[in-house]
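Worksheet: one structure, shown below.
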Amino acid sequence: MSGKDRQKQLAREHYERQNQRRIEREARAKRNAIIGTSVGVVVVIGGVIAATTLLGGSDSPATASPEASASSEASANPSPTDTAAKPTAFDPASGTCGYVADADGSPAKNVGTPPAKVDTKPKTMTLKTNQGDIVIAVDAGKTPCTVNSFAFLAEKKFFDGSKCHRLGSDQFPVLQCGDPLAKADGKNPTDGQGGPGYRFVNENLEGAKYTRGVVAMANSGPDTNGSQFFIVYGDAPLSPDYTPFGTVTKGMEIIDKVNKGGVITPGGDGTGAPKETVEIKNVTMSNKS
């Protein structure tokens, strides 16, 4: 093979690698946005909700041609996400979960990191709101890392005074809460971006369904859970990408009332800050199932 042919082969291989990365990025974008911890645009395809995220960055399709210089790959730098520590799943042998710092620079109310050791006994979480109590039976057996995180944040009074910032639509029947910095006034562009400054793994995804009363984690991609969650008040045709960790046992009438009130300023997907403000006064976690 001549030097020129070898150069073309290297360039072609470089292009193919770039194209594969572009495909992977687009696949991630479709997964990330529907119940994301940042604003997204919803699209319904074949009865299943998909979306494209409105995140910043240089995640644009590759434009290099097969004739591009192969030497340019050596100068490519890995993204912070690629080099950041990864959270680890529950280890039954040690009874621990691995929580890691959130490296994407999202706004945070930092109260520390949950203890690694978790309690898998059944629990009940109560959201005391200005609209009344919402009681949730949480499954610490199937979602130990998630429930442990909520127990920690509740103890630290992380959610106290926070407002549910996003109400869904008929095709997207959820109320999203858990951003400690959200103003929920229909004007704040950073609503939905806040979190606790750490992240942890997805859990209990196999066969996950998002039916009325289910409570699940919002995320911006695999294993990026923080503090935001959503309560389903209809049947949401979501892909199984969001950790379902509990079921509302009391207070669904509150969610229905908020839904009837509508949103302040609907976005392109019909969602927005609810007209009926839902402020979380306090969150408690008990061992009563």
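Convention: chains lettered A, B, ... in structure tokens order; per-chain residue numbering from 1; ligands numbered from 1 as shown.
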
Residue contacts of Met217 of chain A (8 Å, only C-alpha atoms) excluding same-chain residues fewer than 4 positions away, as a PDB file with all heavy atoms, in the first residue's frame:
```pdb
ATOM      1  N   ASN A 225     -29.116  10.755  38.014  1.00  0.00           N
ATOM      2  CA  ASN A 225     -30.147  11.121  38.973  1.00  0.00           C
ATOM      3  C   ASN A 225     -29.598  12.066  40.034  1.00  0.00           C
ATOM      4  O   ASN A 225     -28.449  11.929  40.469  1.00  0.00           O
ATOM      5  CB  ASN A 225     -30.692   9.864  39.658  1.00  0.00           C
ATOM      6  CG  ASN A 225     -31.277   8.893  38.657  1.00  0.00           C
ATOM      7  OD1 ASN A 225     -32.319   9.140  38.081  1.00  0.00           O
ATOM      8  ND2 ASN A 225     -30.576   7.776  38.438  1.00  0.00           N
ATOM      9  N   SER A 227     -31.964  15.147  42.438  1.00  0.00           N
ATOM     10  CA  SER A 227     -33.063  15.351  43.389  1.00  0.00           C
ATOM     11  C   SER A 227     -34.413  15.518  42.713  1.00  0.00           C
ATOM     12  O   SER A 227     -35.450  15.470  43.381  1.00  0.00           O
ATOM     13  CB  SER A 227     -32.787  16.586  44.248  1.00  0.00           C
ATOM     14  OG  SER A 227     -32.650  17.754  43.425  1.00  0.00           O
ATOM     15  N   GLN A 228     -34.420  15.718  41.395  1.00  0.00           N
ATOM     16  CA  GLN A 228     -35.686  15.964  40.717  1.00  0.00           C
ATOM     17  C   GLN A 228     -36.451  14.671  40.449  1.00  0.00           C
ATOM     18  O   GLN A 228     -35.866  13.646  40.089  1.00  0.00           O
ATOM     19  CB  GLN A 228     -35.448  16.719  39.408  1.00  0.00           C
ATOM     20  CG  GLN A 228     -34.971  18.157  39.628  1.00  0.00           C
ATOM     21  CD  GLN A 228     -34.938  18.939  38.349  1.00  0.00           C
ATOM     22  OE1 GLN A 228     -35.885  18.902  37.563  1.00  0.00           O
ATOM     23  NE2 GLN A 228     -33.860  19.668  38.119  1.00  0.00           N
ATOM     24  N   PHE A 229     -37.760  14.745  40.628  1.00  0.00           N
ATOM     25  CA  PHE A 229     -38.625  13.586  40.453  1.00  0.00           C
ATOM     26  C   PHE A 229     -39.949  14.043  39.852  1.00  0.00           C
ATOM     27  O   PHE A 229     -40.230  15.242  39.778  1.00  0.00           O
ATOM     28  CB  PHE A 229     -38.865  12.893  41.801  1.00  0.00           C
ATOM     29  CG  PHE A 229     -39.556  13.758  42.824  1.00  0.00           C
ATOM     30  CD1 PHE A 229     -40.927  13.697  43.020  1.00  0.00           C
ATOM     31  CD2 PHE A 229     -38.825  14.654  43.598  1.00  0.00           C
ATOM     32  CE1 PHE A 229     -41.572  14.500  43.957  1.00  0.00           C
ATOM     33  CE2 PHE A 229     -39.458  15.468  44.553  1.00  0.00           C
ATOM     34  CZ  PHE A 229     -40.835  15.391  44.724  1.00  0.00           C
ATOM     35  N   PHE A 230     -40.753  13.089  39.408  1.00  0.00           N
ATOM     36  CA  PHE A 230     -42.055  13.440  38.857  1.00  0.00           C
ATOM     37  C   PHE A 230     -43.118  12.470  39.328  1.00  0.00           C
ATOM     38  O   PHE A 230     -42.850  11.297  39.593  1.00  0.00           O
ATOM     39  CB  PHE A 230     -42.019  13.527  37.330  1.00  0.00           C
ATOM     40  CG  PHE A 230     -41.636  12.257  36.615  1.00  0.00           C
ATOM     41  CD1 PHE A 230     -42.600  11.375  36.142  1.00  0.00           C
ATOM     42  CD2 PHE A 230     -40.294  11.958  36.372  1.00  0.00           C
ATOM     43  CE1 PHE A 230     -42.258  10.219  35.456  1.00  0.00           C
ATOM     44  CE2 PHE A 230     -39.935  10.799  35.688  1.00  0.00           C
ATOM     45  CZ  PHE A 230     -40.924   9.924  35.230  1.00  0.00           C
ATOM     46  N   TYR A 242     -36.385   6.004  33.391  1.00  0.00           N
ATOM     47  CA  TYR A 242     -36.511   6.836  34.582  1.00  0.00           C
ATOM     48  C   TYR A 242     -36.875   5.953  35.776  1.00  0.00           C
ATOM     49  O   TYR A 242     -37.892   5.270  35.759  1.00  0.00           O
ATOM     50  CB  TYR A 242     -37.578   7.916  34.358  1.00  0.00           C
ATOM     51  CG  TYR A 242     -37.367   8.631  33.041  1.00  0.00           C
ATOM     52  CD1 TYR A 242     -38.056   8.229  31.895  1.00  0.00           C
ATOM     53  CD2 TYR A 242     -36.433   9.642  32.927  1.00  0.00           C
ATOM     54  CE1 TYR A 242     -37.827   8.845  30.677  1.00  0.00           C
ATOM     55  CE2 TYR A 242     -36.198  10.262  31.712  1.00  0.00           C
ATOM     56  CZ  TYR A 242     -36.893   9.862  30.595  1.00  0.00           C
ATOM     57  OH  TYR A 242     -36.659  10.464  29.377  1.00  0.00           O
ATOM     58  N   THR A 243     -36.046   5.982  36.796  1.00  0.00           N
ATOM     59  CA  THR A 243     -36.199   5.101  37.947  1.00  0.00           C
ATOM     60  C   THR A 243     -37.547   5.276  38.643  1.00  0.00           C
ATOM     61  O   THR A 243     -37.794   6.302  39.287  1.00  0.00           O
ATOM     62  CB  THR A 243     -35.074   5.363  38.963  1.00  0.00           C
ATOM     63  OG1 THR A 243     -33.814   5.067  38.365  1.00  0.00           O
ATOM     64  CG2 THR A 243     -35.274   4.514  40.220  1.00  0.00           C
ATOM     65  N   PRO A 244     -38.441   4.276  38.580  1.00  0.00           N
ATOM     66  CA  PRO A 244     -39.689   4.342  39.342  1.00  0.00           C
ATOM     67  C   PRO A 244     -39.405   3.829  40.754  1.00  0.00           C
ATOM     68  O   PRO A 244     -39.007   2.683  40.931  1.00  0.00           O
ATOM     69  CB  PRO A 244     -40.623   3.403  38.572  1.00  0.00           C
ATOM     70  CG  PRO A 244     -39.720   2.437  37.890  1.00  0.00           C
ATOM     71  CD  PRO A 244     -38.381   3.092  37.713  1.00  0.00           C
ATOM     72  N   PHE A 245     -39.593   4.687  41.749  1.00  0.00           N
ATOM     73  CA  PHE A 245     -39.195   4.293  43.101  1.00  0.00           C
ATOM     74  C   PHE A 245     -40.334   4.311  44.110  1.00  0.00           C
ATOM     75  O   PHE A 245     -40.137   3.965  45.280  1.00  0.00           O
ATOM     76  CB  PHE A 245     -38.050   5.178  43.605  1.00  0.00           C
ATOM     77  CG  PHE A 245     -38.413   6.625  43.815  1.00  0.00           C
ATOM     78  CD1 PHE A 245     -38.822   7.088  45.057  1.00  0.00           C
ATOM     79  CD2 PHE A 245     -38.326   7.531  42.766  1.00  0.00           C
ATOM     80  CE1 PHE A 245     -39.145   8.426  45.251  1.00  0.00           C
ATOM     81  CE2 PHE A 245     -38.648   8.864  42.940  1.00  0.00           C
ATOM     82  CZ  PHE A 245     -39.071   9.317  44.196  1.00  0.00           C
TER      83      PHE A 245
END
```

If you run DSSP on this backbone, which residues of segment 63-278 of chain A come out as strand (DSSP E), and could you give them as a PyMOL selection string? chain A and resi 88-91+96-98+100-101+123-129+132-138+162-163+166-169+172-177+198-199+214-217+229-232+244-250

Excluding same-chain residues fewer than 2 positions from Val201 of chain A, what lies within 7 Å of it counting only C-alpha atoms, as a ChimeraX atom specification? /A:87-89,203,223-225

Polymer residues at most 8 Å from Thr126 of chain A, only C-alpha atoms, same-chain spacing of 6 or more positions, as a PyMOL selection string: chain A and resi 133-136+283-285

Please save N, CA and C atoms of the selected residues as a PDB file, in the first residue's frame.
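Saved to again10.pdb:
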```
ATOM      1  N   ASP A 133     -50.962  17.037  52.175  1.00  0.00           N
ATOM      2  CA  ASP A 133     -49.940  15.995  52.219  1.00  0.00           C
ATOM      3  C   ASP A 133     -50.049  15.049  51.028  1.00  0.00           C
ATOM      4  N   ILE A 134     -48.898  14.708  50.473  1.00  0.00           N
ATOM      5  CA  ILE A 134     -48.806  13.681  49.440  1.00  0.00           C
ATOM      6  C   ILE A 134     -47.964  12.557  50.021  1.00  0.00           C
ATOM      7  N   VAL A 135     -48.575  11.393  50.191  1.00  0.00           N
ATOM      8  CA  VAL A 135     -47.911  10.257  50.835  1.00  0.00           C
ATOM      9  C   VAL A 135     -47.503   9.242  49.769  1.00  0.00           C
ATOM     10  N   ILE A 136     -46.244   8.805  49.842  1.00  0.00           N
ATOM     11  CA  ILE A 136     -45.683   7.914  48.821  1.00  0.00           C
ATOM     12  C   ILE A 136     -45.064   6.690  49.466  1.00  0.00           C
ATOM     13  N   VAL A 283     -40.237  17.376  53.860  1.00  0.00           N
ATOM     14  CA  VAL A 283     -40.287  15.980  53.432  1.00  0.00           C
ATOM     15  C   VAL A 283     -39.818  15.109  54.595  1.00  0.00           C
ATOM     16  N   THR A 284     -40.586  14.083  54.883  1.00  0.00           N
ATOM     17  CA  THR A 284     -40.189  13.139  55.936  1.00  0.00           C
ATOM     18  C   THR A 284     -40.168  11.729  55.379  1.00  0.00           C
ATOM     19  N   MET A 285     -39.321  10.908  55.973  1.00  0.00           N
ATOM     20  CA  MET A 285     -39.200   9.506  55.579  1.00  0.00           C
ATOM     21  C   MET A 285     -39.355   8.654  56.829  1.00  0.00           C
TER      22      MET A 285
END
```

Please measure the separation of atom CA of Ala84 of chain A and atom CA of Tyr198 of chain A, giving the value in Å to one decimal.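 It comes out at 11.7 Å.
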
Near-Ser162 of chain A list (10 Å; only C-alpha atoms; drop same-chain fewer than 4 positions) as a VMD selection string: chain A and resid 129 158 177 to 184 278 to 282

Produce a file of the selected residues containing N, CA and C atoms, as an mmCIF file, in the first residue's frame.
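Full text of out-v1.cif as output:
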```cif
data_model
loop_
_atom_site.group_PDB
_atom_site.id
_atom_site.type_symbol
_atom_site.label_atom_id
_atom_site.label_comp_id
_atom_site.auth_asym_id
_atom_site.auth_seq_id
_atom_site.Cartn_x
_atom_site.Cartn_y
_atom_site.Cartn_z
ATOM 1 N N THR A 129 -47.074 19.753 51.657
ATOM 2 C CA THR A 129 -47.100 20.885 50.734
ATOM 3 C C THR A 129 -48.157 21.902 51.172
ATOM 4 N N PHE A 158 -33.433 19.579 52.553
ATOM 5 C CA PHE A 158 -33.074 20.028 51.201
ATOM 6 C C PHE A 158 -34.283 20.540 50.427
ATOM 7 N N CYS A 177 -40.992 17.950 40.264
ATOM 8 C CA CYS A 177 -40.565 18.691 41.444
ATOM 9 C C CYS A 177 -39.097 18.359 41.746
ATOM 10 N N GLY A 178 -38.573 18.953 42.819
ATOM 11 C CA GLY A 178 -37.252 18.559 43.310
ATOM 12 C C GLY A 178 -36.099 19.466 42.950
ATOM 13 N N ASP A 179 -36.356 20.516 42.159
ATOM 14 C CA ASP A 179 -35.311 21.505 41.894
ATOM 15 C C ASP A 179 -35.353 22.508 43.042
ATOM 16 N N PRO A 180 -34.347 22.525 43.915
ATOM 17 C CA PRO A 180 -34.406 23.387 45.098
ATOM 18 C C PRO A 180 -34.283 24.872 44.775
ATOM 19 N N LEU A 181 -33.889 25.187 43.549
ATOM 20 C CA LEU A 181 -33.661 26.576 43.157
ATOM 21 C C LEU A 181 -34.747 27.119 42.229
ATOM 22 N N ALA A 182 -35.708 26.281 41.853
ATOM 23 C CA ALA A 182 -36.744 26.694 40.903
ATOM 24 C C ALA A 182 -37.672 27.743 41.519
ATOM 25 N N LYS A 183 -38.071 28.715 40.704
ATOM 26 C CA LYS A 183 -39.016 29.733 41.138
ATOM 27 C C LYS A 183 -40.443 29.393 40.732
ATOM 28 N N ALA A 184 -40.591 28.548 39.711
ATOM 29 C CA ALA A 184 -41.908 28.091 39.250
ATOM 30 C C ALA A 184 -42.849 29.248 38.970
ATOM 31 N N VAL A 278 -47.357 24.605 43.920
ATOM 32 C CA VAL A 278 -47.150 23.499 44.858
ATOM 33 C C VAL A 278 -45.797 23.720 45.522
ATOM 34 N N GLU A 279 -45.836 24.156 46.754
ATOM 35 C CA GLU A 279 -44.609 24.384 47.515
ATOM 36 C C GLU A 279 -44.443 23.270 48.542
ATOM 37 N N ILE A 280 -43.277 22.646 48.509
ATOM 38 C CA ILE A 280 -42.977 21.583 49.463
ATOM 39 C C ILE A 280 -42.463 22.223 50.748
ATOM 40 N N LYS A 281 -43.240 22.096 51.799
ATOM 41 C CA LYS A 281 -42.854 22.671 53.084
ATOM 42 C C LYS A 281 -41.827 21.802 53.793
ATOM 43 N N ASN A 282 -42.006 20.485 53.664
ATOM 44 C CA ASN A 282 -41.151 19.565 54.395
ATOM 45 C C ASN A 282 -41.306 18.166 53.801
#
```

Selection: 8 Å around Arg212 of chain A, only C-alpha atoms, excl. self and same-chain fewer than 5 positions, as a PyMOL selection string: chain A and resi 232-235

Go through A:Ala151, A:Ala140, A:Ala208, A:Ala101 and flag the residue nearest Ser239 of chain A, using only C-alpha atoms for the distances.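 With only C-alpha atoms as the atom set, the closest residue is A:Ala208.
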
Quick one: pick out all alpha helix (DSSP H) residues within segment 141-209 of chain A from a backbone DSSP run and write them as a ChimeraX atom specification. /A:144-155

Rank nothing, just name the residue among A:Lys117, A:Asp269, A:Cys145, A:His165 nearest to Pro189 of chain A, using only C-alpha atoms.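 Counting only C-alpha atoms, the residue closest to Pro189 of chain A is A:His165.
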
If you count only C-alpha atoms, the residue of A:Pro122, A:Asp104, A:Gly226, A:Val215 closest to Lys142 of chain A turns out to be A:Pro122

Option closest in space to Ser286 of chain A, from A:Lys157, A:Lys86, A:Lys123, A:Lys187 [counting only C-alpha atoms]: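 Closest to Ser286 of chain A of all the choices is A:Lys123.
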
When you draw a straight line from atom CA of Gly262 of chain A to atom CA of Gly213 of chain A, how long is it in Å? 18.8 Å

Smallest atom-to-atom distance to Gly112 of chain A: which of A:Gly251, A:Pro222, A:Gly195, A:Gly272, using only C-alpha atoms? A:Gly195
